[in-house]
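Presented below is the structure to which this report refers.
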Amino acid sequence: MTAGRSATRTGPEPDRRRFLRTVAASVAATTGVGLLTAADAAPARAGHRVVRRPHGTRPLLLGTYTSKEGGGTGIGLAGYDTATGQLTATGVVTGVADPSYLALGPSGRTLYAVDEQQQGAVTALALAPGGPPTVLGTRSTGGAGPCHLSVHPTGRWLLSANYLSGSVAVHPVDRATGALGERTDLVTHTDPPPGPGQDGPHAHQIVTAPDGRHVLAVDLGNDTFYTYRLDTGAGKLRPSSYATLRPGAGPRHLTFHPSGSFAYLANEVDNTVVVCRYDLRSGRLTPGAPQPTGTGPGTSYPAQILITRNGRFAFLANRGHNSLTRYAVEAGGARLRLLDTVPVGGDFPRHIAFSPDERWLFAANQKSGSVTVFAVDARRGTLTSAGAPFAAPMPVCVLPL
């Protein structure tokens, strides 16, 4: 296959850190990224009196469904205490339909959300210290039910996965504003055929590998993950390779080891995780043998796996078992050793995320309408509950800043 020009990391990270420090300082003095004195379900609008927060409070955003009973009315806004992990509701940004997944741009100045509807779309929102996120615009993904998105490390391209139609899309990002342009590519996963019990392809995730050279898409319906090169001039995905798991695995979410040489794949249907070796030169992922989740027989619907920055521990969210599996990462990332499972304290943990300093782990529990918080011991990999669950309408994505 023809490969596009390789995409390498540019230098937005220092600017992002400076910007987020400014946001955090603004939270302490006045507000944060849209932290307002609105009721939990009240819209965030200009003119609301701002919340005064103690030093050490940072923003946290929540994705939800707006079209389902018990869902929210937009992107939830909260703050978390960096010393205790305690969450406080501060408002909501309306005007985004079914924002079930959120991602921050590399600069930290723009937020992106999927609109997980039949006529799928993605929305860009501008973040600024001292005010609420503001909607910049919405673009069609060309598919149905987009459930995941990510921003290419260059900050110039938004990648999204359409679950219901089994396709992945690319949108250009305006350098100055972060707004989205019209879609530049749409690729449907037609080969190989769907796995057992599946009615077609179901793209569930699209991410850029840590080396910035390849884009990987995980398809639950095809039991396959695909490797592409992104042509960063034209915004086109050039197919490179694909690897198929055993039939009925149902791959949902992968996360890379900090070394970039291994990735860990959570399989939703057969209740396993798989360690995959990543070839930096070709972008090919080679899956290893399936491993247990520690949740016993049956399907616990693994949702997502996180790896600590030091590469020593992994945590897996199990929706059916309502637990977090702990693994020790060994052999330089080549091996996972099951430690135990920890009750999540909620029902159906759809998404988990670390705070930027990895001191806290947040779990969005869809069915119980709650977010639970755990203190993370970086040395031992232990998880300790930080207190009572935080009530939120059908949280399905949590994004601490």
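Ordering of the structure tokens sets the chain letters (A, B, ...), residue numbers begin anew at 1 in every chain, and ligands are numbered from 1 in the order given.
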Residue contacts of Gly221 of chain A (7 Å, only C-alpha atoms) excluding same-chain residues fewer than 5 positions away, as a PyMOL selection string: chain A and resi 194-195+198+200-202+250
Residues within 8 Å of Val274 of chain A, only C-alpha atoms, excluding chain neighbours under 5 positions, as JSON, numbers by chain: {"A": [264, 265, 266, 267, 287, 288, 289, 290, 291]}
DSSP-assigned strand (DSSP E or B) among segment 134-237 of chain A, expressed as a ChimeraX atom specification: /A:134-140,146-151,157-162,167-173,180,185-188,203-208,215-219,224-231,236-237
Show which residues sit within 10 Å of segment 81-87 of chain A, as a PDB file with all heavy atoms, in the first residue's frame. Count only C-alpha atoms, and ignore same-chain residues fewer than 5 positions away.
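Saved file around-v5.pdb follows:
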ATOM      1  N   ARG A  53     -13.325  28.891  43.984  1.00  0.00           N
ATOM      2  CA  ARG A  53     -12.859  27.583  44.415  1.00  0.00           C
ATOM      3  C   ARG A  53     -11.561  27.717  45.218  1.00  0.00           C
ATOM      4  O   ARG A  53     -10.767  28.614  44.964  1.00  0.00           O
ATOM      5  CB  ARG A  53     -12.590  26.694  43.195  1.00  0.00           C
ATOM      6  CG  ARG A  53     -13.830  26.392  42.380  1.00  0.00           C
ATOM      7  CD  ARG A  53     -14.705  25.408  43.113  1.00  0.00           C
ATOM      8  NE  ARG A  53     -15.892  25.106  42.339  1.00  0.00           N
ATOM      9  CZ  ARG A  53     -16.997  24.634  42.852  1.00  0.00           C
ATOM     10  NH1 ARG A  53     -17.093  24.414  44.138  1.00  0.00           N
ATOM     11  NH2 ARG A  53     -18.032  24.366  42.091  1.00  0.00           N
ATOM     12  N   PRO A  54     -11.349  26.821  46.157  1.00  0.00           N
ATOM     13  CA  PRO A  54     -10.072  26.850  46.879  1.00  0.00           C
ATOM     14  C   PRO A  54      -8.928  26.482  45.961  1.00  0.00           C
ATOM     15  O   PRO A  54      -9.106  25.836  44.941  1.00  0.00           O
ATOM     16  CB  PRO A  54     -10.270  25.784  47.968  1.00  0.00           C
ATOM     17  CG  PRO A  54     -11.301  24.856  47.402  1.00  0.00           C
ATOM     18  CD  PRO A  54     -12.219  25.737  46.600  1.00  0.00           C
ATOM     19  N   HIS A  55      -7.729  26.903  46.336  1.00  0.00           N
ATOM     20  CA  HIS A  55      -6.548  26.559  45.572  1.00  0.00           C
ATOM     21  C   HIS A  55      -6.428  25.043  45.470  1.00  0.00           C
ATOM     22  O   HIS A  55      -6.622  24.319  46.447  1.00  0.00           O
ATOM     23  CB  HIS A  55      -5.306  27.130  46.243  1.00  0.00           C
ATOM     24  CG  HIS A  55      -4.039  26.804  45.511  1.00  0.00           C
ATOM     25  ND1 HIS A  55      -3.732  27.377  44.304  1.00  0.00           N
ATOM     26  CD2 HIS A  55      -3.026  25.954  45.811  1.00  0.00           C
ATOM     27  CE1 HIS A  55      -2.566  26.900  43.882  1.00  0.00           C
ATOM     28  NE2 HIS A  55      -2.124  26.022  44.775  1.00  0.00           N
ATOM     29  N   GLY A  56      -6.118  24.540  44.276  1.00  0.00           N
ATOM     30  CA  GLY A  56      -5.969  23.106  44.113  1.00  0.00           C
ATOM     31  C   GLY A  56      -7.160  22.440  43.479  1.00  0.00           C
ATOM     32  O   GLY A  56      -7.225  21.219  43.461  1.00  0.00           O
ATOM     33  N   THR A  57      -8.113  23.196  42.964  1.00  0.00           N
ATOM     34  CA  THR A  57      -9.248  22.629  42.247  1.00  0.00           C
ATOM     35  C   THR A  57      -8.981  22.691  40.753  1.00  0.00           C
ATOM     36  O   THR A  57      -8.524  23.703  40.239  1.00  0.00           O
ATOM     37  CB  THR A  57     -10.556  23.378  42.571  1.00  0.00           C
ATOM     38  OG1 THR A  57     -10.784  23.330  43.973  1.00  0.00           O
ATOM     39  CG2 THR A  57     -11.731  22.774  41.837  1.00  0.00           C
ATOM     40  N   ARG A  58      -9.245  21.597  40.076  1.00  0.00           N
ATOM     41  CA  ARG A  58      -9.057  21.543  38.630  1.00  0.00           C
ATOM     42  C   ARG A  58     -10.352  21.111  37.954  1.00  0.00           C
ATOM     43  O   ARG A  58     -11.201  20.462  38.579  1.00  0.00           O
ATOM     44  CB  ARG A  58      -7.933  20.581  38.263  1.00  0.00           C
ATOM     45  CG  ARG A  58      -6.544  21.053  38.710  1.00  0.00           C
ATOM     46  CD  ARG A  58      -5.466  20.098  38.233  1.00  0.00           C
ATOM     47  NE  ARG A  58      -5.393  20.071  36.777  1.00  0.00           N
ATOM     48  CZ  ARG A  58      -4.634  20.896  36.047  1.00  0.00           C
ATOM     49  NH1 ARG A  58      -3.894  21.811  36.647  1.00  0.00           N
ATOM     50  NH2 ARG A  58      -4.600  20.794  34.735  1.00  0.00           N
ATOM     51  N   PRO A  59     -10.505  21.444  36.658  1.00  0.00           N
ATOM     52  CA  PRO A  59     -11.740  21.121  35.955  1.00  0.00           C
ATOM     53  C   PRO A  59     -11.830  19.640  35.574  1.00  0.00           C
ATOM     54  O   PRO A  59     -10.820  18.959  35.371  1.00  0.00           O
ATOM     55  CB  PRO A  59     -11.669  21.987  34.688  1.00  0.00           C
ATOM     56  CG  PRO A  59     -10.531  22.929  34.892  1.00  0.00           C
ATOM     57  CD  PRO A  59      -9.611  22.286  35.849  1.00  0.00           C
ATOM     58  N   LEU A  60     -13.066  19.172  35.439  1.00  0.00           N
ATOM     59  CA  LEU A  60     -13.359  17.833  34.959  1.00  0.00           C
ATOM     60  C   LEU A  60     -14.615  17.912  34.107  1.00  0.00           C
ATOM     61  O   LEU A  60     -15.587  18.580  34.476  1.00  0.00           O
ATOM     62  CB  LEU A  60     -13.552  16.877  36.145  1.00  0.00           C
ATOM     63  CG  LEU A  60     -13.872  15.419  35.817  1.00  0.00           C
ATOM     64  CD1 LEU A  60     -13.147  14.485  36.787  1.00  0.00           C
ATOM     65  CD2 LEU A  60     -15.376  15.160  35.887  1.00  0.00           C
ATOM     66  N   SER A 355      -6.239  11.460  36.469  1.00  0.00           N
ATOM     67  CA  SER A 355      -5.940  12.884  36.505  1.00  0.00           C
ATOM     68  C   SER A 355      -4.576  13.079  35.850  1.00  0.00           C
ATOM     69  O   SER A 355      -3.788  12.130  35.731  1.00  0.00           O
ATOM     70  CB  SER A 355      -5.919  13.382  37.953  1.00  0.00           C
ATOM     71  OG  SER A 355      -4.947  12.679  38.718  1.00  0.00           O
ATOM     72  N   ASP A 357      -1.796  14.161  36.828  1.00  0.00           N
ATOM     73  CA  ASP A 357      -0.669  13.723  37.641  1.00  0.00           C
ATOM     74  C   ASP A 357      -0.769  12.254  38.055  1.00  0.00           C
ATOM     75  O   ASP A 357       0.091  11.747  38.773  1.00  0.00           O
ATOM     76  CB  ASP A 357      -0.522  14.605  38.881  1.00  0.00           C
ATOM     77  CG  ASP A 357      -1.755  14.560  39.789  1.00  0.00           C
ATOM     78  OD1 ASP A 357      -2.700  13.786  39.503  1.00  0.00           O
ATOM     79  OD2 ASP A 357      -1.786  15.316  40.784  1.00  0.00           O
ATOM     80  N   ARG A 359      -2.574  10.906  40.140  1.00  0.00           N
ATOM     81  CA  ARG A 359      -2.840  10.687  41.567  1.00  0.00           C
ATOM     82  C   ARG A 359      -4.227  10.091  41.763  1.00  0.00           C
ATOM     83  O   ARG A 359      -4.472   9.378  42.733  1.00  0.00           O
ATOM     84  CB  ARG A 359      -2.718  12.007  42.327  1.00  0.00           C
ATOM     85  CG  ARG A 359      -2.942  11.862  43.816  1.00  0.00           C
ATOM     86  CD  ARG A 359      -2.713  13.160  44.559  1.00  0.00           C
ATOM     87  NE  ARG A 359      -2.916  12.988  45.984  1.00  0.00           N
ATOM     88  CZ  ARG A 359      -2.814  13.957  46.876  1.00  0.00           C
ATOM     89  NH1 ARG A 359      -2.485  15.189  46.467  1.00  0.00           N
ATOM     90  NH2 ARG A 359      -3.029  13.735  48.152  1.00  0.00           N
ATOM     91  N   TRP A 360      -5.147  10.405  40.829  1.00  0.00           N
ATOM     92  CA  TRP A 360      -6.539   9.973  40.955  1.00  0.00           C
ATOM     93  C   TRP A 360      -6.973   9.212  39.712  1.00  0.00           C
ATOM     94  O   TRP A 360      -6.558   9.539  38.598  1.00  0.00           O
ATOM     95  CB  TRP A 360      -7.461  11.180  41.174  1.00  0.00           C
ATOM     96  CG  TRP A 360      -7.046  12.033  42.318  1.00  0.00           C
ATOM     97  CD1 TRP A 360      -6.415  13.239  42.258  1.00  0.00           C
ATOM     98  CD2 TRP A 360      -7.201  11.730  43.714  1.00  0.00           C
ATOM     99  NE1 TRP A 360      -6.168  13.714  43.513  1.00  0.00           N
ATOM    100  CE2 TRP A 360      -6.642  12.800  44.434  1.00  0.00           C
ATOM    101  CE3 TRP A 360      -7.766  10.662  44.407  1.00  0.00           C
ATOM    102  CZ2 TRP A 360      -6.627  12.838  45.820  1.00  0.00           C
ATOM    103  CZ3 TRP A 360      -7.746  10.693  45.794  1.00  0.00           C
ATOM    104  CH2 TRP A 360      -7.179  11.767  46.481  1.00  0.00           C
ATOM    105  N   LEU A 361      -7.836   8.211  39.923  1.00  0.00           N
ATOM    106  CA  LEU A 361      -8.492   7.507  38.826  1.00  0.00           C
ATOM    107  C   LEU A 361      -9.991   7.725  38.970  1.00  0.00           C
ATOM    108  O   LEU A 361     -10.566   7.484  40.043  1.00  0.00           O
ATOM    109  CB  LEU A 361      -8.173   6.008  38.853  1.00  0.00           C
ATOM    110  CG  LEU A 361      -8.721   5.159  37.701  1.00  0.00           C
ATOM    111  CD1 LEU A 361      -7.812   3.947  37.435  1.00  0.00           C
ATOM    112  CD2 LEU A 361     -10.148   4.649  37.967  1.00  0.00           C
ATOM    113  N   PHE A 362     -10.626   8.197  37.892  1.00  0.00           N
ATOM    114  CA  PHE A 362     -12.058   8.474  37.880  1.00  0.00           C
ATOM    115  C   PHE A 362     -12.767   7.419  37.031  1.00  0.00           C
ATOM    116  O   PHE A 362     -12.303   7.088  35.932  1.00  0.00           O
ATOM    117  CB  PHE A 362     -12.340   9.863  37.297  1.00  0.00           C
ATOM    118  CG  PHE A 362     -11.686  10.989  38.053  1.00  0.00           C
ATOM    119  CD1 PHE A 362     -10.402  11.411  37.727  1.00  0.00           C
ATOM    120  CD2 PHE A 362     -12.344  11.621  39.089  1.00  0.00           C
ATOM    121  CE1 PHE A 362      -9.783  12.442  38.414  1.00  0.00           C
ATOM    122  CE2 PHE A 362     -11.736  12.654  39.795  1.00  0.00           C
ATOM    123  CZ  PHE A 362     -10.462  13.065  39.455  1.00  0.00           C
ATOM    124  N   VAL A 371     -20.017   8.926  39.385  1.00  0.00           N
ATOM    125  CA  VAL A 371     -18.572   8.891  39.139  1.00  0.00           C
ATOM    126  C   VAL A 371     -17.911   8.516  40.454  1.00  0.00           C
ATOM    127  O   VAL A 371     -18.188   9.139  41.489  1.00  0.00           O
ATOM    128  CB  VAL A 371     -18.036  10.247  38.647  1.00  0.00           C
ATOM    129  CG1 VAL A 371     -16.520  10.189  38.456  1.00  0.00           C
ATOM    130  CG2 VAL A 371     -18.721  10.646  37.343  1.00  0.00           C
ATOM    131  N   THR A 372     -17.069   7.486  40.428  1.00  0.00           N
ATOM    132  CA  THR A 372     -16.325   7.111  41.619  1.00  0.00           C
ATOM    133  C   THR A 372     -14.860   7.468  41.424  1.00  0.00           C
ATOM    134  O   THR A 372     -14.349   7.471  40.302  1.00  0.00           O
ATOM    135  CB  THR A 372     -16.490   5.618  41.932  1.00  0.00           C
ATOM    136  OG1 THR A 372     -16.357   4.840  40.740  1.00  0.00           O
ATOM    137  CG2 THR A 372     -17.855   5.350  42.536  1.00  0.00           C
ATOM    138  N   VAL A 373     -14.193   7.772  42.535  1.00  0.00           N
ATOM    139  CA  VAL A 373     -12.823   8.277  42.495  1.00  0.00           C
ATOM    140  C   VAL A 373     -11.944   7.391  43.371  1.00  0.00           C
ATOM    141  O   VAL A 373     -12.334   7.017  44.482  1.00  0.00           O
ATOM    142  CB  VAL A 373     -12.753   9.741  42.978  1.00  0.00           C
ATOM    143  CG1 VAL A 373     -11.350  10.298  42.763  1.00  0.00           C
ATOM    144  CG2 VAL A 373     -13.787  10.603  42.260  1.00  0.00           C
ATOM    145  N   PHE A 374     -10.755   7.069  42.854  1.00  0.00           N
ATOM    146  CA  PHE A 374      -9.797   6.252  43.589  1.00  0.00           C
ATOM    147  C   PHE A 374      -8.444   6.958  43.639  1.00  0.00           C
ATOM    148  O   PHE A 374      -8.003   7.518  42.631  1.00  0.00           O
ATOM    149  CB  PHE A 374      -9.613   4.886  42.921  1.00  0.00           C
ATOM    150  CG  PHE A 374     -10.858   4.044  42.916  1.00  0.00           C
ATOM    151  CD1 PHE A 374     -11.810   4.189  41.920  1.00  0.00           C
ATOM    152  CD2 PHE A 374     -11.078   3.110  43.921  1.00  0.00           C
ATOM    153  CE1 PHE A 374     -12.964   3.424  41.918  1.00  0.00           C
ATOM    154  CE2 PHE A 374     -12.224   2.331  43.922  1.00  0.00           C
ATOM    155  CZ  PHE A 374     -13.176   2.486  42.920  1.00  0.00           C
ATOM    156  N   ALA A 375      -7.806   6.894  44.797  1.00  0.00           N
ATOM    157  CA  ALA A 375      -6.421   7.330  44.911  1.00  0.00           C
ATOM    158  C   ALA A 375      -5.530   6.218  44.372  1.00  0.00           C
ATOM    159  O   ALA A 375      -5.732   5.043  44.685  1.00  0.00           O
ATOM    160  CB  ALA A 375      -6.079   7.636  46.363  1.00  0.00           C
ATOM    161  N   SER A 385     -10.521   3.899  47.556  1.00  0.00           N
ATOM    162  CA  SER A 385     -11.681   4.757  47.334  1.00  0.00           C
ATOM    163  C   SER A 385     -11.483   6.109  47.995  1.00  0.00           C
ATOM    164  O   SER A 385     -11.023   6.202  49.140  1.00  0.00           O
ATOM    165  CB  SER A 385     -12.942   4.089  47.876  1.00  0.00           C
ATOM    166  OG  SER A 385     -14.052   4.972  47.814  1.00  0.00           O
ATOM    167  N   ALA A 386     -11.860   7.160  47.261  1.00  0.00           N
ATOM    168  CA  ALA A 386     -11.711   8.517  47.774  1.00  0.00           C
ATOM    169  C   ALA A 386     -12.991   9.044  48.413  1.00  0.00           C
ATOM    170  O   ALA A 386     -13.078  10.231  48.721  1.00  0.00           O
ATOM    171  CB  ALA A 386     -11.272   9.456  46.655  1.00  0.00           C
ATOM    172  N   GLY A 387     -14.001   8.181  48.593  1.00  0.00           N
ATOM    173  CA  GLY A 387     -15.228   8.628  49.245  1.00  0.00           C
ATOM    174  C   GLY A 387     -16.471   8.234  48.487  1.00  0.00           C
ATOM    175  O   GLY A 387     -16.436   7.388  47.582  1.00  0.00           O
ATOM    176  N   ALA A 388     -17.572   8.842  48.861  1.00  0.00           N
ATOM    177  CA  ALA A 388     -18.873   8.500  48.290  1.00  0.00           C
ATOM    178  C   ALA A 388     -18.923   8.844  46.801  1.00  0.00           C
ATOM    179  O   ALA A 388     -18.263   9.793  46.347  1.00  0.00           O
ATOM    180  CB  ALA A 388     -19.974   9.246  49.034  1.00  0.00           C
ATOM    181  N   PRO A 389     -19.718   8.076  46.021  1.00  0.00           N
ATOM    182  CA  PRO A 389     -19.856   8.383  44.595  1.00  0.00           C
ATOM    183  C   PRO A 389     -20.428   9.777  44.371  1.00  0.00           C
ATOM    184  O   PRO A 389     -21.196  10.300  45.189  1.00  0.00           O
ATOM    185  CB  PRO A 389     -20.817   7.298  44.097  1.00  0.00           C
ATOM    186  CG  PRO A 389     -20.696   6.191  45.084  1.00  0.00           C
ATOM    187  CD  PRO A 389     -20.449   6.860  46.408  1.00  0.00           C
ATOM    188  N   PHE A 390     -20.043  10.348  43.252  1.00  0.00           N
ATOM    189  CA  PHE A 390     -20.532  11.667  42.824  1.00  0.00           C
ATOM    190  C   PHE A 390     -21.675  11.453  41.839  1.00  0.00           C
ATOM    191  O   PHE A 390     -21.520  10.751  40.839  1.00  0.00           O
ATOM    192  CB  PHE A 390     -19.386  12.435  42.173  1.00  0.00           C
ATOM    193  CG  PHE A 390     -19.786  13.688  41.447  1.00  0.00           C
ATOM    194  CD1 PHE A 390     -20.125  14.837  42.144  1.00  0.00           C
ATOM    195  CD2 PHE A 390     -19.812  13.715  40.055  1.00  0.00           C
ATOM    196  CE1 PHE A 390     -20.476  16.000  41.460  1.00  0.00           C
ATOM    197  CE2 PHE A 390     -20.166  14.876  39.372  1.00  0.00           C
ATOM    198  CZ  PHE A 390     -20.497  16.019  40.081  1.00  0.00           C
ATOM    199  N   ALA A 391     -22.834  12.029  42.099  1.00  0.00           N
ATOM    200  CA  ALA A 391     -23.999  11.839  41.242  1.00  0.00           C
ATOM    201  C   ALA A 391     -23.869  12.652  39.960  1.00  0.00           C
ATOM    202  O   ALA A 391     -23.532  13.839  39.993  1.00  0.00           O
ATOM    203  CB  ALA A 391     -25.270  12.235  41.991  1.00  0.00           C
TER     204      ALA A 391
END
Identify, on the basis of only C-alpha atoms, every residue whose closest approach to Leu245 of chain A does not exceed 8 Å; exclude the query and any residue fewer than 4 positions from it along the same chain; express the result as a tab-separated table (two decimals) with C-alpha atoms, in the first residue's frame.
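Contents of out_24.tsv, as written:
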chain	number	residue	atom	x	y	z
A	223	ASP	CA	-12.68	-8.76	15.40
A	224	THR	CA	-9.95	-6.75	13.70
A	249	ALA	CA	-13.32	-11.59	20.64
A	287	PRO	CA	-1.70	-9.99	19.11
Test item: residues at most 7 Å from Gly235 of chain A, only C-alpha atoms, excluding those fewer than 6 positions along its chain, as a ChimeraX atom specification: /A:170,172,184-185
Atom CA of Ala363 of chain A to atom CA of Val344 of chain A, straight-line distance in Å: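 These two atoms are separated by 7.5 Å.
For the pair atom CA of Lys236 of chain A and atom CA of Gln205 of chain A, the interatomic distance is 17.3 Å.
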Counting only C-alpha atoms, the residue of A:Leu280, A:Val207, A:Val329, A:Leu62 that sits nearest Ala364 of chain A: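 Of the candidates, the smallest distance to Ala364 of chain A is held by A:Leu62.
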